[in-house]
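Below is one structure; the comments refer to it alone.
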Amino acid sequence: MSKDSLFSKKNLKLIKDPLDDNNPITVQVLGICSALAITVQLKPAVVMAVSVFFVMCIANVVVSLMRNMIPSRIRIIVQLVIIATLVILVDQVLKAFLYDVSKELSVFVGLIITNCIIMGRLEAFALANTPWKAFMDGVGNSLGYALPLVVVAFFRELLGSGTLFGYPVLENLGLYQLGYENNGMMILPPMALVTCGVYIWIQRMRNNKLVEQN
Amino acid sequence: MQDLANIFIKSIFIDNMVFAYFLGMCSYLAVSKTVKTSVGLGLAVVFVLGITVPVNYLLENYVLKEGALTWLGDGFATVDLSFLSFILFIAVIASMVQLVEMIVEKFSPALYSSLGIFLPLIAVNCAILGASLFMQERAYATITEATVFGLGSGVGWFLAIVGIAAIREKIRYSNVPPALRGLGITFIITGLMGIAFMSFMGIKLEDSKKEVSTEKVVQIENNESEIN
């Protein structure tokens, strides 16, 4: 077991799997709530992805280290306390250094606590595996969470406001002179769902084994 | 009285938990396969929201907020514990869910067996924590307002999940493109339902103290003028 090298094939698979075949958002259906709400622009989406990366990796390692000490009856509360502590850290850091973004994310930073990806991975993986594997799993799943987030945010910001990270791309390309208009619809909440639905559609067309029966 | 009615209507339709804020999406997508189970989960959510929001309101106003501890003595007037709110809210929610589960099991076994596994699941439903955090952000004036807000959000969530479950039961008979079946089509239907619910944003509620809805109307008007 410990003979495995740190980056053996098995461990790398832990990172690669969640990116496509076992993506937390589009396949495991975890962590949707926060993913959809903050994809109007790229910047908050990236900040959110980084925050989740941080919380997830550390929570996974901590729970994995404590896995033999936690009585199974109270494990949910223990996990919630660990996650909540990390989220408070993230929240305070954001408030101190990125105040605008933290205002924009509003309650969604707090909602990382109930983000089902984190709880789900702690329950399903960290409680049964060694710290290094749990860490790799955390890296993989938070990257898998970040991927659809950034893709959806990219299209919504580009089509909705014609900017990327606040930089007016379309204006500089001169599209507005040709009569192009921004699609105000993309900014509104329902289009997050539709964009994400289309993302899932494309992913499943490429990857047939993910197709559901009904 | 009118204020309370305004808050109730607004939290059901205009600030709907699912369509406007995407809260509680995970259980919304996972448990919406049949109408029967989704009614059970919806009721449990209304129930728990109606209890946890007022409890967290008391906690916020008598423990956490800056100056909230003044009742302990003047020395505590400047204490600001609001950074602890996440951990306390989630602790209240987790223990309340546990408590509600035990009480329901003791006094109404029939309801308990119909809610089944949904009660414990609610502890990690983001709509519950989300409602408490919105309650904190919007600073409701009285505990009655907070309770009404909690119940209204619950009813809004209930409507959403029962609606999508009914649609999903019917869509089984339709020929959806294979890659879109299941999750994909559910996302898109939810989006369409969200667009339908957006028509409620135009409702003008008289003398609403909090300007949440007007902000949104203005935002839409801006978008429309951009389109025009």
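In the structure tokens, chains take the letters A, B, ... in the order shown, each chain's residues start at 1, and ligands count up from 1 in the order shown.
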
DSSP-assigned helix (DSSP H, G or I) members of stretch 45-141 of chain B, reported as a VMD selection string: chain B and resid 45 to 64 68 to 72 74 to 76 82 to 107 109 to 115 118 to 122 126 to 138

Kindly provide, as a ChimeraX atom specification, the residues of chain A having any atom no farther than 8 Å from an atom of chain B, counting only C-alpha atoms. /A:26,29-34,36-37,77,80-81,84-85,88,92,107,110-111,114-116,181-185,189-194,196-198,200-202,204-205,208,211-214

For stretch 55-57 of chain A, please output as a VMD selection string all residues within 12 Å (counting only C-alpha atoms; exclusion window: fewer than 2 positions along the same chain). chain A and resid 48 to 53 59 to 64 79 to 80 82 to 91 109 to 110 112 to 122 125 to 126 131 to 145

Can those selected residues be exported to a file as a compact mmCIF listing (two decimals), in the first residue's frame so that it contains C-alpha atoms?
# COMPACT_ATOMS: atom_id res chain seq x y z
CA MET A 48 -15.45 30.64 -5.78
CA ALA A 49 -13.55 27.80 -7.45
CA VAL A 50 -10.37 28.72 -5.57
CA SER A 51 -12.24 28.94 -2.26
CA VAL A 52 -13.79 25.52 -2.78
CA PHE A 53 -10.39 24.11 -3.79
CA ALA A 59 -11.13 19.27 4.88
CA ASN A 60 -10.38 16.04 3.04
CA VAL A 61 -6.93 15.75 4.60
CA VAL A 62 -8.13 16.65 8.10
CA VAL A 63 -11.03 14.21 8.05
CA SER A 64 -8.79 11.52 6.61
CA GLN A 79 -17.51 17.16 9.43
CA LEU A 80 -19.75 20.21 9.50
CA ILE A 82 -14.40 21.19 10.25
CA ILE A 83 -15.91 22.61 7.07
CA ALA A 84 -17.49 25.57 8.84
CA THR A 85 -14.18 26.51 10.45
CA LEU A 86 -12.41 26.48 7.08
CA VAL A 87 -15.21 28.47 5.46
CA ILE A 88 -15.00 31.14 8.16
CA LEU A 89 -11.26 31.43 7.36
CA VAL A 90 -12.00 31.83 3.65
CA ASP A 91 -14.75 34.36 4.34
CA VAL A 109 -19.41 31.87 0.62
CA GLY A 110 -21.32 30.72 3.69
CA ILE A 112 -19.84 26.39 0.84
CA ILE A 113 -20.59 24.76 4.22
CA THR A 114 -23.60 22.99 2.84
CA ASN A 115 -22.05 22.49 -0.59
CA CYS A 116 -22.83 18.86 -1.09
CA ILE A 117 -19.59 18.19 -2.99
CA ILE A 118 -17.54 18.71 0.12
CA MET A 119 -19.80 16.69 2.41
CA GLY A 120 -20.20 14.05 -0.27
CA ARG A 121 -16.47 13.56 -0.81
CA LEU A 122 -15.79 13.52 2.93
CA PHE A 125 -13.84 9.08 0.21
CA ALA A 126 -11.95 10.78 3.00
CA PRO A 131 -4.49 11.43 3.75
CA TRP A 132 -2.48 11.57 0.51
CA LYS A 133 -5.21 9.84 -1.49
CA ALA A 134 -7.83 12.06 0.13
CA PHE A 135 -5.78 15.09 -0.87
CA MET A 136 -5.58 13.92 -4.50
CA ASP A 137 -9.32 13.28 -4.46
CA GLY A 138 -9.88 16.78 -3.13
CA VAL A 139 -7.72 18.30 -5.88
CA GLY A 140 -9.48 16.28 -8.57
CA ASN A 141 -13.00 17.02 -7.43
CA SER A 142 -12.47 20.71 -6.88
CA LEU A 143 -10.94 20.98 -10.36
CA GLY A 144 -13.91 19.03 -11.68
CA TYR A 145 -16.15 21.52 -9.91

Work out how far atom CA of A:Phe54 is from atom CA of A:Asp20, in Å to one decimal.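 Result for atom CA of A:Asp20 versus atom CA of A:Phe54: 20.9 Å, one decimal.
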
Do you know which residues are at most 7 Å from B:Gly42 counting only C-alpha atoms, after dropping those on the same chain fewer than 6 positions away, and could you put them as an mmCIF file with all heavy atoms, in the first residue's frame?
data_model
loop_
_atom_site.group_PDB
_atom_site.id
_atom_site.type_symbol
_atom_site.label_atom_id
_atom_site.label_comp_id
_atom_site.auth_asym_id
_atom_site.auth_seq_id
_atom_site.Cartn_x
_atom_site.Cartn_y
_atom_site.Cartn_z
ATOM 1 N N TRP B 157 -40.213 26.841 -2.162
ATOM 2 C CA TRP B 157 -39.413 25.665 -2.511
ATOM 3 C C TRP B 157 -40.327 24.469 -2.779
ATOM 4 O O TRP B 157 -40.119 23.698 -3.710
ATOM 5 C CB TRP B 157 -38.446 25.355 -1.366
ATOM 6 C CG TRP B 157 -37.295 24.523 -1.769
ATOM 7 C CD1 TRP B 157 -36.129 24.958 -2.314
ATOM 8 C CD2 TRP B 157 -37.192 23.099 -1.670
ATOM 9 N NE1 TRP B 157 -35.309 23.896 -2.567
ATOM 10 C CE2 TRP B 157 -35.939 22.745 -2.171
ATOM 11 C CE3 TRP B 157 -38.031 22.096 -1.211
ATOM 12 C CZ2 TRP B 157 -35.499 21.441 -2.234
ATOM 13 C CZ3 TRP B 157 -37.595 20.789 -1.269
ATOM 14 C CH2 TRP B 157 -36.340 20.464 -1.782
ATOM 15 N N PHE B 158 -41.362 24.337 -1.931
ATOM 16 C CA PHE B 158 -42.342 23.257 -2.075
ATOM 17 C C PHE B 158 -42.998 23.312 -3.456
ATOM 18 O O PHE B 158 -43.058 22.311 -4.170
ATOM 19 C CB PHE B 158 -43.387 23.411 -0.960
ATOM 20 C CG PHE B 158 -44.532 22.467 -1.031
ATOM 21 C CD1 PHE B 158 -44.431 21.191 -0.504
ATOM 22 C CD2 PHE B 158 -45.731 22.847 -1.610
ATOM 23 C CE1 PHE B 158 -45.491 20.310 -0.565
ATOM 24 C CE2 PHE B 158 -46.795 21.970 -1.680
ATOM 25 C CZ PHE B 158 -46.679 20.699 -1.162
ATOM 26 N N ILE B 161 -40.517 22.217 -6.249
ATOM 27 C CA ILE B 161 -40.161 20.799 -6.381
ATOM 28 C C ILE B 161 -41.369 19.984 -6.831
ATOM 29 O O ILE B 161 -41.241 19.061 -7.644
ATOM 30 C CB ILE B 161 -39.524 20.230 -5.094
ATOM 31 C CG1 ILE B 161 -38.885 18.891 -5.416
ATOM 32 C CG2 ILE B 161 -40.506 20.098 -3.968
ATOM 33 C CD1 ILE B 161 -38.032 18.333 -4.344
#

Write out as a PyMOL selection string which residues come within 10 Å of B:Ala5 when counting only C-alpha atoms, dropping same-chain ones fewer than 6 positions away. chain B and resi 11+145+148-149+152+205

Name all residues at most 12 Å from A:Pro44 (count only C-alpha atoms; drop same-chain ones fewer than 2 positions away) and give them as a ChimeraX atom specification. /A:34-42,46-51,94,98-106,108-109,146,149-150,153-154,157,164-166

For those residues, write N, CA, C and O atoms to a file as a compact mmCIF listing (two decimals), in the first residue's frame.
# COMPACT_ATOMS: atom_id res chain seq x y z
N SER A 34 -24.38 26.45 -5.55
CA SER A 34 -23.44 27.56 -5.63
C SER A 34 -22.93 27.70 -7.06
O SER A 34 -22.70 28.81 -7.54
N ALA A 35 -22.82 26.57 -7.76
CA ALA A 35 -22.24 26.63 -9.10
C ALA A 35 -23.06 27.53 -10.02
O ALA A 35 -22.52 28.26 -10.83
N LEU A 36 -24.40 27.48 -9.90
CA LEU A 36 -25.21 28.23 -10.83
C LEU A 36 -25.31 29.70 -10.45
O LEU A 36 -25.41 30.57 -11.30
N ALA A 37 -25.29 29.97 -9.16
CA ALA A 37 -25.63 31.31 -8.72
C ALA A 37 -24.54 32.33 -9.02
O ALA A 37 -24.81 33.51 -9.14
N ILE A 38 -23.30 31.88 -9.16
CA ILE A 38 -22.22 32.86 -9.24
C ILE A 38 -21.54 32.82 -10.58
O ILE A 38 -20.40 33.21 -10.72
N THR A 39 -22.27 32.37 -11.62
CA THR A 39 -21.62 32.27 -12.93
C THR A 39 -21.99 33.42 -13.85
O THR A 39 -21.82 33.30 -15.06
N VAL A 40 -22.48 34.54 -13.33
CA VAL A 40 -22.80 35.67 -14.20
C VAL A 40 -21.52 36.24 -14.80
O VAL A 40 -21.48 36.63 -15.96
N GLN A 41 -20.47 36.30 -13.98
CA GLN A 41 -19.19 36.82 -14.47
C GLN A 41 -18.07 35.87 -14.11
O GLN A 41 -18.20 35.06 -13.19
N LEU A 42 -16.96 36.00 -14.82
CA LEU A 42 -15.85 35.07 -14.61
C LEU A 42 -15.17 35.25 -13.26
O LEU A 42 -14.82 34.29 -12.61
N VAL A 46 -14.23 32.31 -10.59
CA VAL A 46 -12.88 31.84 -10.31
C VAL A 46 -12.58 31.93 -8.81
O VAL A 46 -12.03 30.99 -8.22
N VAL A 47 -13.01 33.03 -8.18
CA VAL A 47 -12.78 33.15 -6.74
C VAL A 47 -13.46 32.02 -5.99
O VAL A 47 -12.90 31.40 -5.08
N MET A 48 -14.69 31.72 -6.41
CA MET A 48 -15.45 30.64 -5.78
C MET A 48 -14.73 29.31 -5.95
O MET A 48 -14.60 28.53 -5.01
N ALA A 49 -14.23 29.06 -7.18
CA ALA A 49 -13.55 27.80 -7.45
C ALA A 49 -12.32 27.67 -6.56
O ALA A 49 -12.05 26.61 -6.00
N VAL A 50 -11.57 28.77 -6.40
CA VAL A 50 -10.37 28.72 -5.57
C VAL A 50 -10.74 28.47 -4.11
O VAL A 50 -10.11 27.67 -3.42
N SER A 51 -11.83 29.14 -3.64
CA SER A 51 -12.24 28.94 -2.26
C SER A 51 -12.62 27.48 -2.01
O SER A 51 -12.23 26.89 -0.99
N LEU A 94 -11.39 36.72 2.28
CA LEU A 94 -12.02 37.42 1.16
C LEU A 94 -12.43 38.83 1.57
O LEU A 94 -12.24 39.79 0.83
N LEU A 98 -10.38 40.94 -0.85
CA LEU A 98 -11.16 41.07 -2.09
C LEU A 98 -12.57 41.51 -1.74
O LEU A 98 -13.54 40.80 -1.98
N TYR A 99 -12.70 42.68 -1.14
CA TYR A 99 -13.99 43.06 -0.56
C TYR A 99 -15.12 43.09 -1.60
O TYR A 99 -16.21 42.61 -1.33
N ASP A 100 -14.84 43.62 -2.80
CA ASP A 100 -15.89 43.72 -3.83
C ASP A 100 -16.45 42.35 -4.17
O ASP A 100 -17.66 42.13 -4.21
N VAL A 101 -15.51 41.41 -4.43
CA VAL A 101 -15.95 40.08 -4.82
C VAL A 101 -16.72 39.42 -3.68
O VAL A 101 -17.73 38.76 -3.90
N SER A 102 -16.28 39.66 -2.44
CA SER A 102 -16.96 39.01 -1.33
C SER A 102 -18.37 39.56 -1.17
O SER A 102 -19.29 38.85 -0.80
N LYS A 103 -18.56 40.85 -1.49
CA LYS A 103 -19.92 41.42 -1.48
C LYS A 103 -20.77 40.75 -2.57
O LYS A 103 -21.94 40.44 -2.37
N GLU A 104 -20.17 40.53 -3.73
CA GLU A 104 -20.89 39.95 -4.84
C GLU A 104 -21.30 38.50 -4.55
O GLU A 104 -22.39 38.07 -4.90
N LEU A 105 -20.40 37.77 -3.91
CA LEU A 105 -20.70 36.37 -3.60
C LEU A 105 -21.72 36.28 -2.48
O LEU A 105 -22.35 35.25 -2.29
N SER A 106 -21.86 37.32 -1.70
CA SER A 106 -22.77 37.44 -0.54
C SER A 106 -22.91 36.12 0.23
O SER A 106 -21.93 35.60 0.74
N PHE A 108 -23.16 33.20 -0.65
CA PHE A 108 -22.71 31.94 -1.23
C PHE A 108 -21.39 31.44 -0.68
O PHE A 108 -21.08 30.27 -0.78
N VAL A 109 -20.61 32.35 -0.07
CA VAL A 109 -19.41 31.87 0.62
C VAL A 109 -19.84 31.00 1.79
O VAL A 109 -19.34 29.90 2.00
N ALA A 146 -14.58 23.19 -10.72
CA ALA A 146 -14.22 24.47 -11.32
C ALA A 146 -14.47 24.49 -12.83
O ALA A 146 -14.85 25.52 -13.38
N LEU A 149 -17.99 25.35 -14.00
CA LEU A 149 -18.21 26.69 -13.45
C LEU A 149 -17.61 27.74 -14.36
O LEU A 149 -18.25 28.72 -14.76
N VAL A 150 -16.32 27.54 -14.72
CA VAL A 150 -15.62 28.54 -15.51
C VAL A 150 -16.17 28.57 -16.93
O VAL A 150 -16.33 29.65 -17.51
N ALA A 153 -19.54 30.35 -16.83
CA ALA A 153 -19.34 31.78 -16.55
C ALA A 153 -18.75 32.48 -17.76
O ALA A 153 -19.10 33.61 -18.08
N PHE A 154 -17.83 31.80 -18.48
CA PHE A 154 -17.21 32.37 -19.68
C PHE A 154 -18.28 32.76 -20.69
O PHE A 154 -18.34 33.90 -21.15
N GLU A 157 -20.74 35.57 -19.37
CA GLU A 157 -20.21 36.93 -19.35
C GLU A 157 -19.98 37.44 -20.76
O GLU A 157 -20.28 38.59 -21.08
N LEU A 164 -14.84 39.96 -20.60
CA LEU A 164 -14.22 38.81 -19.95
C LEU A 164 -13.37 39.35 -18.82
O LEU A 164 -12.50 40.20 -19.05
N PHE A 165 -13.62 38.90 -17.59
CA PHE A 165 -12.97 39.48 -16.41
C PHE A 165 -13.15 41.00 -16.37
O PHE A 165 -12.27 41.73 -15.95
N GLY A 166 -14.27 41.49 -16.90
CA GLY A 166 -14.51 42.92 -16.90
C GLY A 166 -13.84 43.66 -18.05
O GLY A 166 -14.02 44.85 -18.24

Pairwise distance for atom CA of A:Val152 and atom CA of A:Tyr199, rounded to one decimal in Å: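 Going from atom CA of A:Val152 over to atom CA of A:Tyr199, I get 7.8 Å.
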
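Counting only C-alpha atoms, the residue from B:Pro109, B:Pro54, B:Gly154, B:Gly163 that sits nearest to B:Tyr140 is B:Pro54.
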
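Using only C-alpha atoms, the contacts of B:Trp71 at a cut-off of 12 Å, with sequence neighbours closer than 6 positions omitted, comprise Asn61, Tyr62, Val63, Ala77, Thr78 and Val79 of chain B.
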
If you keep C-alpha atoms, can you produce a file of those selected residues as a PDB file, in the first residue's frame?
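Full text of result_30.pdb as output:
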ATOM      1  CA  ASN B  61     -30.240  39.570  17.541  1.00  0.00           C
ATOM      2  CA  TYR B  62     -29.395  38.543  21.090  1.00  0.00           C
ATOM      3  CA  VAL B  63     -25.954  36.978  20.677  1.00  0.00           C
ATOM      4  CA  ALA B  77     -22.082  46.589  24.099  1.00  0.00           C
ATOM      5  CA  THR B  78     -19.179  46.595  21.634  1.00  0.00           C
ATOM      6  CA  VAL B  79     -18.793  42.841  21.229  1.00  0.00           C
TER       7      VAL B  79
END

Pairwise distance, atom CA of B:Ile164 with atom CA of A:Ala45, equals 27.1 Å
